[in-house]
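Source file work-v8.csv; content: CSV, C-alpha atoms.
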```csv
chain,number,residue,atom,x,y,z
Z,1,MET,CA,1.9,-7.6,-30.2
Z,2,ILE,CA,2.2,-9.5,-33.5
Z,3,ALA,CA,2.2,-12.8,-31.6
Z,4,VAL,CA,-1.0,-11.8,-29.7
Z,5,VAL,CA,-2.9,-11.1,-32.9
Z,6,ALA,CA,-1.7,-14.4,-34.5
Z,7,LEU,CA,-2.7,-16.4,-31.4
Z,8,GLY,CA,-6.1,-14.8,-31.4
Z,9,GLY,CA,-7.0,-16.3,-34.7
Z,10,VAL,CA,-5.7,-19.7,-33.7
Z,11,ALA,CA,-7.2,-19.7,-30.2
Z,12,SER,CA,-10.7,-19.0,-31.5
Z,13,ALA,CA,-10.7,-22.3,-33.2
Z,14,GLN,CA,-9.8,-24.2,-30.0
Z,15,PRO,CA,-12.4,-25.9,-27.9
Z,16,LYS,CA,-13.5,-23.9,-24.8
Z,17,GLN,CA,-11.1,-24.5,-21.9
Z,18,SER,CA,-12.4,-26.2,-18.8
Z,19,ALA,CA,-10.3,-24.9,-15.8
Z,20,PRO,CA,-11.1,-25.1,-12.1
Z,21,ALA,CA,-12.3,-21.9,-10.6
Z,22,LEU,CA,-10.1,-22.3,-7.5
Z,23,VAL,CA,-6.8,-24.1,-6.9
Z,24,GLY,CA,-5.2,-24.3,-3.5
Z,25,ALA,CA,-7.9,-22.3,-1.7
Z,26,SER,CA,-11.5,-22.2,-0.8
Z,27,GLU,CA,-13.9,-19.3,-0.5
Z,28,ALA,CA,-14.3,-18.2,3.2
Z,29,ALA,CA,-16.6,-15.2,2.8
Z,30,LYS,CA,-18.1,-13.0,0.2
Z,31,PHE,CA,-19.5,-9.4,0.6
Z,32,SER,CA,-21.4,-7.6,-2.1
Z,33,ALA,CA,-23.1,-4.3,-2.6
Z,34,ALA,CA,-26.8,-4.5,-3.5
Z,35,THR,CA,-26.6,-0.8,-4.3
Z,36,GLY,CA,-23.6,1.4,-4.7
Z,37,PHE,CA,-20.2,-0.4,-4.4
Z,38,VAL,CA,-17.6,-1.8,-2.1
Z,39,ASP,CA,-15.1,1.0,-1.7
Z,40,ASP,CA,-11.4,0.7,-2.1
Z,41,PRO,CA,-10.1,0.7,1.5
Z,42,VAL,CA,-10.1,-2.7,3.3
Z,43,ALA,CA,-8.7,-3.5,6.7
Z,44,THR,CA,-8.1,-6.8,8.5
Z,45,ASP,CA,-6.9,-8.3,11.6
Z,46,ASP,CA,-6.6,-12.0,12.5
Z,47,ALA,CA,-10.4,-12.6,12.6
Z,48,ARG,CA,-12.1,-9.6,11.0
Z,49,VAL,CA,-12.4,-7.8,7.7
Z,50,ALA,CA,-13.6,-4.1,7.5
Z,51,TYR,CA,-14.9,-2.5,4.3
Z,52,VAL,CA,-17.1,0.3,3.3
Z,53,LEU,CA,-20.3,0.3,1.2
Z,54,ALA,CA,-20.7,3.7,-0.6
Z,55,ASP,CA,-22.4,5.4,-3.4
Z,56,ALA,CA,-20.0,8.4,-3.8
Z,57,SER,CA,-22.7,10.9,-3.0
Z,58,THR,CA,-24.7,10.3,0.3
Z,59,LYS,CA,-23.8,6.8,1.6
Z,60,ALA,CA,-20.8,5.5,3.5
Z,61,GLU,CA,-21.4,2.5,5.7
Z,62,LEU,CA,-18.5,0.8,7.5
Z,63,HIS,CA,-19.0,-2.9,7.8
Z,64,VAL,CA,-16.8,-5.0,10.2
Z,65,ALA,CA,-17.4,-8.7,9.7
Z,66,THR,CA,-16.1,-11.5,11.9
Z,67,LEU,CA,-15.2,-14.5,9.8
Z,68,GLY,CA,-17.5,-17.3,11.0
Z,69,GLY,CA,-20.4,-15.0,11.9
Z,70,GLY,CA,-21.4,-11.5,13.1
Z,71,GLU,CA,-21.1,-8.1,11.5
Z,72,GLN,CA,-21.1,-4.5,12.8
Z,73,VAL,CA,-22.4,-1.7,10.6
Z,74,VAL,CA,-21.6,1.9,11.3
Z,75,ASP,CA,-22.7,5.0,9.3
Z,76,ILE,CA,-19.5,7.1,8.6
Z,77,ALA,CA,-21.1,9.5,6.1
Z,78,SER,CA,-20.7,12.3,8.6
Z,79,VAL,CA,-17.0,11.6,8.7
Z,80,THR,CA,-16.3,11.1,5.0
Z,81,LEU,CA,-18.0,10.1,1.8
Z,82,HIS,CA,-14.7,9.1,0.3
Z,83,PRO,CA,-12.7,6.8,2.6
Z,84,ILE,CA,-9.2,6.0,1.5
Z,85,ALA,CA,-7.8,4.1,4.5
Z,86,LEU,CA,-9.1,2.0,7.3
Z,87,LYS,CA,-7.5,0.5,10.4
Z,88,LEU,CA,-9.1,-1.7,13.0
Z,89,VAL,CA,-8.2,-0.7,16.6
Z,90,GLY,CA,-9.8,-3.2,19.0
Z,91,PRO,CA,-13.5,-2.1,19.4
Z,92,ARG,CA,-12.9,1.0,17.2
Z,93,ALA,CA,-11.9,1.8,13.7
Z,94,PHE,CA,-9.7,4.6,12.4
Z,95,VAL,CA,-11.0,6.1,9.1
Z,96,VAL,CA,-9.1,8.4,6.8
Z,97,GLY,CA,-11.1,10.3,4.1
Z,98,GLN,CA,-10.3,12.5,1.2
Z,99,LEU,CA,-11.8,15.9,0.7
Z,100,PRO,CA,-12.8,17.4,-2.7
Z,101,ASP,CA,-9.6,19.5,-2.7
Z,102,GLY,CA,-7.4,16.4,-2.2
Z,103,ASN,CA,-6.6,17.1,1.5
Z,104,GLU,CA,-7.3,14.4,4.1
Z,105,ILE,CA,-9.4,14.2,7.3
Z,106,ALA,CA,-9.5,11.3,9.8
Z,107,ALA,CA,-11.6,10.1,12.7
Z,108,MET,CA,-11.6,7.3,15.3
Z,109,VAL,CA,-15.1,5.8,15.5
Z,110,GLU,CA,-16.8,3.4,18.0
Z,111,LEU,CA,-18.0,0.2,16.4
Z,112,ALA,CA,-20.5,-0.6,19.1
Z,113,ALA,CA,-22.5,1.5,21.6
Z,114,VAL,CA,-20.6,2.6,24.7
Z,115,GLY,CA,-22.9,3.5,27.5
Z,116,LYS,CA,-25.3,6.1,26.1
Z,117,LYS,CA,-23.1,6.8,23.1
Z,118,PRO,CA,-24.3,4.9,20.0
Z,119,ALA,CA,-22.2,3.0,17.5
Z,120,GLY,CA,-20.5,5.4,15.2
Z,121,THR,CA,-19.7,7.9,17.9
Z,122,VAL,CA,-16.6,9.9,16.9
Z,123,VAL,CA,-13.9,9.6,19.5
Z,124,TYR,CA,-11.6,12.2,17.9
Z,125,LYS,CA,-11.0,13.9,14.6
Z,126,LEU,CA,-7.9,15.0,12.7
Z,127,GLY,CA,-7.2,17.3,9.8
Z,128,PRO,CA,-7.6,18.7,7.3
Z,129,ALA,CA,-4.0,17.9,6.3
Z,130,THR,CA,-2.0,16.9,3.2
Z,131,HIS,CA,-1.5,13.4,4.5
Z,132,ILE,CA,-2.8,11.5,7.6
Z,133,THR,CA,-1.2,8.1,8.1
Z,134,ALA,CA,-1.4,5.5,10.9
Z,135,ILE,CA,2.2,4.4,11.6
Z,136,ARG,CA,4.2,2.3,14.1
Z,137,ASP,CA,7.0,3.7,16.3
Z,138,GLY,CA,8.5,0.6,18.0
Z,139,ALA,CA,5.6,-0.7,20.2
Z,140,LYS,CA,3.6,2.5,19.8
Z,141,ASN,CA,0.7,3.1,17.4
Z,142,LEU,CA,0.8,6.7,16.2
Z,143,VAL,CA,-0.8,8.9,13.5
Z,144,ALA,CA,1.4,11.2,11.4
Z,145,VAL,CA,-0.4,14.4,10.4
Z,146,HIS,CA,1.6,16.1,7.6
Z,147,LYS,CA,0.9,19.5,6.1
Z,148,MET,CA,2.6,21.0,3.0
Z,149,SER,CA,2.3,24.6,1.9
Z,150,PRO,CA,4.3,26.8,-0.5
Z,151,GLY,CA,7.6,28.1,0.9
Z,152,LYS,CA,9.9,30.9,-0.1
Z,153,ASP,CA,11.3,31.1,-3.6
Z,154,GLY,CA,9.5,28.1,-4.9
Z,155,GLY,CA,10.3,25.9,-2.0
Z,156,THR,CA,8.0,23.8,0.3
Z,157,HIS,CA,7.1,24.2,3.9
Z,158,HIS,CA,6.5,21.0,5.8
Z,159,GLU,CA,4.8,20.7,9.2
Z,160,LEU,CA,4.4,17.4,11.1
Z,161,SER,CA,2.4,16.5,14.2
Z,162,LEU,CA,2.3,13.1,15.9
Z,163,VAL,CA,-0.7,11.9,17.9
Z,164,GLY,CA,-1.5,8.6,19.7
Z,165,LEU,CA,-3.6,6.4,17.6
Z,166,GLU,CA,-5.7,5.1,20.4
Z,167,THR,CA,-6.2,8.5,22.2
Z,168,GLY,CA,-5.8,11.2,19.5
Z,169,LYS,CA,-3.6,13.1,22.0
Z,170,ALA,CA,-0.5,15.0,20.8
Z,171,VAL,CA,2.8,13.3,21.2
Z,172,GLY,CA,5.2,16.2,21.4
Z,173,GLY,CA,4.6,19.5,19.6
Z,174,ALA,CA,4.3,20.2,15.9
Z,175,LYS,CA,7.6,20.7,14.1
Z,176,SER,CA,8.2,22.4,10.8
Z,177,ILE,CA,11.0,22.6,8.2
Z,178,ASP,CA,11.5,24.3,4.9
Z,179,PHE,CA,13.1,22.9,1.8
Z,180,ASP,CA,14.1,25.2,-1.2
Z,181,ALA,CA,13.1,24.6,-4.8
Z,182,LYS,CA,15.9,22.0,-5.0
Z,183,ASP,CA,14.7,20.1,-1.9
Z,184,PHE,CA,17.6,21.4,0.2
Z,185,ASN,CA,17.7,22.8,3.7
Z,186,ALA,CA,20.9,24.7,4.4
Z,187,LYS,CA,20.5,24.8,8.2
Z,188,VAL,CA,20.6,21.0,8.4
Z,189,ASP,CA,22.7,20.7,5.3
Z,190,PHE,CA,20.3,18.0,4.0
Z,191,HIS,CA,18.9,17.3,0.6
Z,192,VAL,CA,15.7,15.2,0.7
Z,193,ASP,CA,15.1,12.5,-1.9
Z,194,HIS,CA,12.2,10.4,-0.6
Z,195,TRP,CA,9.9,9.9,2.5
Z,196,SER,CA,8.5,7.2,4.7
Z,197,ASP,CA,6.2,6.7,7.7
Z,198,GLY,CA,3.5,9.2,6.6
Z,199,TYR,CA,6.2,11.8,5.8
Z,200,ARG,CA,7.6,11.6,9.3
Z,201,PHE,CA,11.0,10.6,8.0
Z,202,ALA,CA,12.8,12.3,5.1
Z,203,TRP,CA,15.6,10.3,3.5
Z,204,GLY,CA,18.4,11.8,1.4
Z,205,LEU,CA,22.0,13.2,1.5
Z,206,LYS,CA,23.7,15.1,4.3
Z,207,GLY,CA,26.7,17.2,3.5
Z,208,GLY,CA,30.0,16.0,4.9
Z,209,GLU,CA,31.7,17.6,8.0
Z,210,TRP,CA,34.7,19.9,7.7
Z,211,ASP,CA,37.9,18.3,8.8
Z,212,LYS,CA,40.2,21.1,10.1
Z,213,LYS,CA,43.2,18.8,10.2
Z,214,GLU,CA,42.9,17.7,6.6
Z,215,ASN,CA,41.5,21.2,5.6
Z,216,GLN,CA,38.8,19.6,3.5
Z,217,ARG,CA,35.2,18.4,3.8
Z,218,SER,CA,34.4,14.7,4.2
Z,219,PRO,CA,32.1,13.0,1.6
Z,220,ASP,CA,28.4,13.3,1.7
Z,221,VAL,CA,26.5,10.6,3.6
Z,222,GLU,CA,23.1,9.0,3.3
Z,223,ALA,CA,20.9,10.3,6.1
Z,224,LYS,CA,17.5,10.1,7.7
Z,225,LEU,CA,15.8,13.2,9.1
Z,226,ASP,CA,13.0,12.9,11.7
Z,227,LEU,CA,10.6,15.7,11.0
Z,228,SER,CA,9.0,15.2,14.5
Z,229,THR,CA,12.3,16.4,16.1
Z,230,GLY,CA,14.0,18.2,13.2
Z,231,LYS,CA,17.1,16.1,13.8
Z,232,ILE,CA,19.2,13.7,11.7
Z,233,VAL,CA,18.7,10.3,13.4
Z,234,TRP,CA,20.8,8.0,11.1
Z,235,THR,CA,23.7,8.3,8.6
Z,236,GLN,CA,25.5,5.9,6.4
Z,237,PRO,CA,28.6,6.3,4.2
Z,238,ILE,CA,27.9,6.0,0.5
Z,239,GLY,CA,29.6,2.9,-0.8
Z,240,ASP,CA,28.8,2.5,-4.5
Z,241,LEU,CA,27.7,5.9,-5.8
Z,242,PHE,CA,26.0,4.4,-8.9
Z,243,GLU,CA,24.0,1.9,-6.8
Z,244,GLN,CA,23.0,4.7,-4.4
Z,245,ARG,CA,21.8,7.0,-7.1
Z,246,LYS,CA,19.8,4.2,-8.8
Z,247,ARG,CA,18.3,3.2,-5.5
Z,248,PHE,CA,17.3,6.7,-4.6
Z,249,GLN,CA,15.7,7.2,-8.0
Z,250,THR,CA,13.4,4.3,-7.4
Z,251,LEU,CA,12.5,5.3,-3.9
Z,252,ALA,CA,11.8,8.8,-5.0
Z,253,GLU,CA,9.3,7.4,-7.6
Z,254,VAL,CA,7.2,5.8,-4.8
Z,255,HIS,CA,7.2,8.9,-2.6
Z,256,ASP,CA,6.2,7.8,0.9
Z,257,ALA,CA,7.3,4.1,1.1
Z,258,ILE,CA,10.4,2.1,1.7
Z,259,ASP,CA,8.6,-1.3,1.8
Z,260,PHE,CA,6.9,-2.2,-1.4
Z,261,LEU,CA,6.9,-4.6,-4.5
Z,262,ARG,CA,7.7,-3.6,-8.0
Z,263,MET,CA,8.8,-5.0,-11.3
Z,264,SER,CA,12.4,-4.5,-12.4
Z,265,TRP,CA,13.0,-1.9,-15.1
Z,266,ASP,CA,13.0,-4.6,-17.9
Z,267,ASN,CA,10.0,-6.5,-16.4
Z,268,GLN,CA,12.1,-9.7,-16.1
Z,269,ASN,CA,12.1,-9.8,-12.3
Z,270,ILE,CA,10.0,-8.9,-9.3
Z,271,GLN,CA,11.7,-7.0,-6.5
Z,272,ILE,CA,10.8,-6.8,-2.8
Z,273,TRP,CA,11.9,-3.5,-1.4
Z,274,HIS,CA,12.3,-3.7,2.4
Z,275,ALA,CA,13.8,-0.9,4.5
Z,276,GLY,CA,14.7,0.8,1.2
Z,277,LYS,CA,16.7,-2.0,-0.3
Z,278,PRO,CA,15.7,-4.5,-3.0
Z,279,VAL,CA,15.7,-8.3,-3.1
Z,280,THR,CA,15.0,-10.1,-6.3
Z,281,VAL,CA,12.1,-12.6,-6.2
Z,282,ALA,CA,12.6,-16.1,-7.5
Z,283,LEU,CA,9.2,-17.3,-8.7
Z,284,ASP,CA,8.5,-21.1,-9.0
Z,285,GLU,CA,6.7,-20.2,-12.3
Z,286,PRO,CA,8.2,-18.5,-15.4
Z,287,ILE,CA,7.8,-14.7,-15.0
Z,288,THR,CA,6.9,-14.5,-18.8
Z,289,ASN,CA,3.6,-16.3,-18.0
Z,290,TYR,CA,2.3,-13.2,-16.2
Z,291,ASP,CA,1.1,-9.7,-17.0
Z,292,PRO,CA,3.7,-7.4,-15.2
Z,293,LYS,CA,1.2,-4.6,-14.9
Z,294,SER,CA,-1.0,-6.8,-12.6
Z,295,LEU,CA,1.5,-7.1,-9.8
Z,296,GLN,CA,0.2,-6.3,-6.3
Z,297,GLY,CA,1.4,-7.4,-2.9
Z,298,VAL,CA,2.1,-6.8,0.8
Z,299,VAL,CA,5.5,-6.7,2.4
Z,300,ASP,CA,5.7,-7.9,6.0
Z,301,ALA,CA,7.8,-6.4,8.7
Z,302,ASP,CA,10.5,-9.1,8.4
Z,303,GLY,CA,10.9,-8.6,4.6
Z,304,SER,CA,8.8,-11.5,3.5
Z,305,ALA,CA,5.8,-10.8,1.3
Z,306,TRP,CA,2.6,-11.9,-0.4
Z,307,LEU,CA,2.1,-11.1,-4.0
Z,308,ALA,CA,-0.5,-11.6,-6.7
Z,309,LEU,CA,-0.1,-11.8,-10.5
Z,310,LYS,CA,-2.5,-12.4,-13.3
Z,311,THR,CA,-1.5,-14.8,-16.0
Z,312,ASP,CA,-1.1,-13.5,-19.5
Z,313,PRO,CA,-3.3,-15.9,-21.5
Z,314,VAL,CA,-1.2,-15.3,-24.6
Z,315,ASN,CA,2.2,-15.6,-23.0
Z,316,PRO,CA,5.1,-17.0,-25.1
Z,317,ASP,CA,4.5,-20.6,-24.0
Z,318,ALA,CA,0.9,-20.3,-25.0
Z,319,VAL,CA,1.9,-18.8,-28.3
Z,320,ALA,CA,4.2,-21.7,-29.0
Z,321,ARG,CA,1.4,-24.2,-28.2
Z,322,LYS,CA,-1.1,-22.1,-30.3
Z,323,LYS,CA,-3.6,-22.3,-27.4
Z,324,ALA,CA,-4.4,-19.5,-24.9
Z,325,ASP,CA,-3.9,-20.3,-21.2
Z,326,PRO,CA,-6.7,-19.9,-18.6
Z,327,GLU,CA,-6.7,-16.4,-17.1
Z,328,TYR,CA,-5.8,-17.1,-13.5
Z,329,LEU,CA,-4.8,-14.8,-10.6
Z,330,ASP,CA,-1.9,-16.5,-8.9
Z,331,VAL,CA,-1.1,-15.9,-5.2
Z,332,PHE,CA,2.5,-16.4,-4.0
Z,333,ARG,CA,4.1,-16.5,-0.6
Z,334,VAL,CA,7.7,-15.0,-0.7
Z,335,SER,CA,10.3,-15.6,2.0
Z,336,ALA,CA,12.6,-12.7,3.1
Z,337,ASP,CA,15.4,-14.1,0.9
Z,338,GLY,CA,13.1,-13.8,-2.2
Z,339,LYS,CA,12.1,-17.4,-2.7
Z,340,ALA,CA,8.4,-17.5,-3.9
Z,341,SER,CA,6.0,-20.4,-4.0
Z,342,ARG,CA,2.6,-20.4,-5.5
Z,343,LYS,CA,-0.1,-21.0,-2.9
Z,344,ALA,CA,-3.4,-20.5,-4.8
Z,345,ARG,CA,-5.0,-19.7,-8.1
Z,346,VAL,CA,-8.3,-17.9,-8.8
Z,347,LEU,CA,-9.8,-18.1,-12.2
Z,348,SER,CA,-10.4,-14.5,-13.1
Z,349,PRO,CA,-11.1,-13.8,-16.8
Z,350,SER,CA,-11.0,-10.0,-17.4
Z,351,MET,CA,-11.0,-9.3,-13.6
Z,352,ARG,CA,-9.6,-6.0,-12.4
Z,353,PHE,CA,-8.8,-6.4,-8.7
Z,354,ARG,CA,-7.3,-5.2,-5.5
Z,355,PHE,CA,-5.4,-7.7,-3.3
Z,356,GLY,CA,-4.6,-8.0,0.3
Z,357,VAL,CA,-4.0,-10.6,3.1
Z,358,LEU,CA,-5.8,-11.6,6.3
Z,359,GLY,CA,-3.7,-13.3,9.0
Z,360,THR,CA,-1.3,-16.0,7.8
Z,361,ASP,CA,-3.6,-18.2,5.8
Z,362,LYS,CA,-6.2,-16.0,4.0
Z,363,PHE,CA,-6.2,-13.4,1.3
Z,364,TRP,CA,-8.9,-11.1,-0.2
Z,365,LEU,CA,-9.8,-9.8,-3.6
Z,366,LEU,CA,-11.9,-6.8,-4.4
Z,367,GLU,CA,-13.2,-7.2,-7.9
Z,368,ARG,CA,-13.3,-3.8,-9.6
Z,369,SER,CA,-16.2,-2.7,-11.8
Z,370,ASN,CA,-15.4,-2.2,-15.4
Z,371,GLY,CA,-15.1,1.5,-16.4
Z,372,PHE,CA,-15.0,2.7,-12.8
Z,373,ASP,CA,-11.7,3.1,-10.9
Z,374,ARG,CA,-13.1,3.4,-7.4
Z,375,GLY,CA,-14.2,0.2,-5.6
Z,376,GLY,CA,-16.2,-2.7,-7.0
Z,377,LYS,CA,-19.2,-5.0,-6.5
Z,378,THR,CA,-17.7,-7.9,-4.6
Z,379,LEU,CA,-15.1,-8.4,-1.9
Z,380,THR,CA,-14.2,-12.1,-1.4
Z,381,VAL,CA,-12.0,-13.7,1.3
Z,382,TYR,CA,-10.2,-16.9,0.4
Z,383,LYS,CA,-8.6,-19.5,2.8
Z,384,LEU,CA,-5.5,-21.3,1.7
Z,385,GLY,CA,-5.8,-25.1,1.4
Z,386,ALA,CA,-8.0,-27.5,-0.5
```
Would you put the structure from the file into structure tokens?
Amino acid sequence: MIAVVALGGVASAQPKQSAPALVGASEAAKFSAATGFVDDPVATDDARVAYVLADASTKAELHVATLGGGEQVVDIASVTLHPIALKLVGPRAFVVGQLPDGNEIAAMVELAAVGKKPAGTVVYKLGPATHITAIRDGAKNLVAVHKMSPGKDGGTHHELSLVGLETGKAVGGAKSIDFDAKDFNAKVDFHVDHWSDGYRFAWGLKGGEWDKKENQRSPDVEAKLDLSTGKIVWTQPIGDLFEQRKRFQTLAEVHDAIDFLRMSWDNQNIQIWHAGKPVTVALDEPITNYDPKSLQGVVDADGSAWLALKTDPVNPDAVARKKADPEYLDVFRVSADGKASRKARVLSPSMRFRFGVLGTDKFWLLERSNGFDRGGKTLTVYKLGA
């Protein structure tokens, strides 16, 4: 922090920097809130972007804009005033909202009139539940409805139901399982460490089997428990015990995800976690040029990723030059083996943002309002290329 203070005094004497607002991208669309704000959840497909204009008290309008022209507007206030997730499903949208008590509800809504039914008609509703998550199961689109409640002796009772995303109809019956206060289920001989797929899958350690011939128990194994069936569906021997414990510790910290981006413990590297295992990212820019707390990104199904980082205007190189750098948001494309190349820069002094991608050549930024952690005033879509 001493270097930051010293630079501040020097930088103030420098002439005002002239930096291009955009590098490697052009603005494709911009959506703003005349009143209220653009709420946090944003959904996209290859040609559309969905967002919600809200005011946190009475208004929640779902807007689905087609890039190049056309927009559908649906009132979803009767579904939720606090949307937390959106998913476009052809001519419909799946909306997940949060209740005042923290539980979640969800509904599938029509984006256009169907016969005598107006736009905004609710096709089906789900919840309340602890978590409601749209997931993939091979070629199937499902919704995991997960409920948690207190169990015996300080433990936790879990109940999971799966429904078809398009239909809302149950896929199999609801299943339940109890874990004790130490996250252990004796019947399955399984200790849960972390979760994925909307709490459908529990990942952890399964006790080894008794070998009568050797008169001893085999070592514990890594295991995956499918709550929708109550069965162990995958096991793997533990190779390096230290590596396994360190990996499980990280996965437990993110709760319900095995695909994500994060900084290494010393902030010297970015890691792509795919299928629960990390790959170190090799940026084509010095990592010390960036604010590690700004990292956001999206991991694709093949392990490749998009990531966004804000430059630190008083990074070590800038300190050495005694001149603050422009405050850019840099967007990188990362291959599955971790090689990252910068694709675009957005000049963003003091911007707090949310980042996402649209198709293969576009990304979006939701600029947050200062002093308010929900939503922002402007959602901008950028297209890569000059």
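Distances here use only C-alpha atoms; by that measure, the residue among Z:Lys277, Z:Lys231, Z:Arg321, Z:Lys169 closest to Ala336 (chain Z) is Z:Lys277.
Proximity ranking of Z:Gly208, Z:Gly68, Z:Pro292, Z:Gly338 relative to Ala308 (chain Z) places Z:Pro292 first, based on only C-alpha atoms.
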All residues 12 Å or closer to region 212-221 of chain Z, all atoms listed in the file, same chain fewer than 5 positions away omitted, as a CSV table (one decimal) with C-alpha atoms, keeping the file's coordinate frame:
```
chain,number,residue,atom,x,y,z
Z,189,ASP,CA,22.7,20.7,5.3
Z,190,PHE,CA,20.3,18.0,4.0
Z,191,HIS,CA,18.9,17.3,0.6
Z,203,TRP,CA,15.6,10.3,3.5
Z,204,GLY,CA,18.4,11.8,1.4
Z,205,LEU,CA,22.0,13.2,1.5
Z,206,LYS,CA,23.7,15.1,4.3
Z,207,GLY,CA,26.7,17.2,3.5
Z,232,ILE,CA,19.2,13.7,11.7
Z,234,TRP,CA,20.8,8.0,11.1
Z,235,THR,CA,23.7,8.3,8.6
Z,236,GLN,CA,25.5,5.9,6.4
Z,237,PRO,CA,28.6,6.3,4.2
Z,238,ILE,CA,27.9,6.0,0.5
Z,239,GLY,CA,29.6,2.9,-0.8
Z,240,ASP,CA,28.8,2.5,-4.5
Z,241,LEU,CA,27.7,5.9,-5.8
Z,244,GLN,CA,23.0,4.7,-4.4
```
If you count only C-alpha atoms, which residues fall within 10 Å of region 353-355 of chain Z, apart from same-chain ones fewer than 6 positions away, as JSON, numbers by chain? {"Z": [40, 41, 42, 294, 295, 296, 297, 298, 306, 307, 308, 309, 310, 329, 331, 363, 364, 365, 366, 367, 368, 369, 375, 376, 378, 379]}
Counting all atoms listed in the file, figure out which residue out of Z:Val64, Z:Val38, Z:Val95, Z:Val281 gets nearest to Ser264 (chain Z). Z:Val281
Just checking: using all atoms listed in the file, which residue out of Z:Gly230, Z:Gly115, Z:Pro128, Z:Gly385 ends up closest to Leu99 (chain Z)? Z:Pro128
Would you list the contacts of Ala144 (chain Z) as a PyMOL selection string, taking every protein, DNA or RNA residue within 6 Å and counting all atoms listed in the file, but skipping same-chain residues closer than 6 positions in sequence? chain Z and resi 132-133+162+198
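Separating CA of Asp317 (chain Z) from CA of Leu261 (chain Z) is a distance of 25.3 Å.
For the atom pair formed by CA of His157 (chain Z) and CA of Asp180 (chain Z), the distance is 8.7 Å, given to one decimal.
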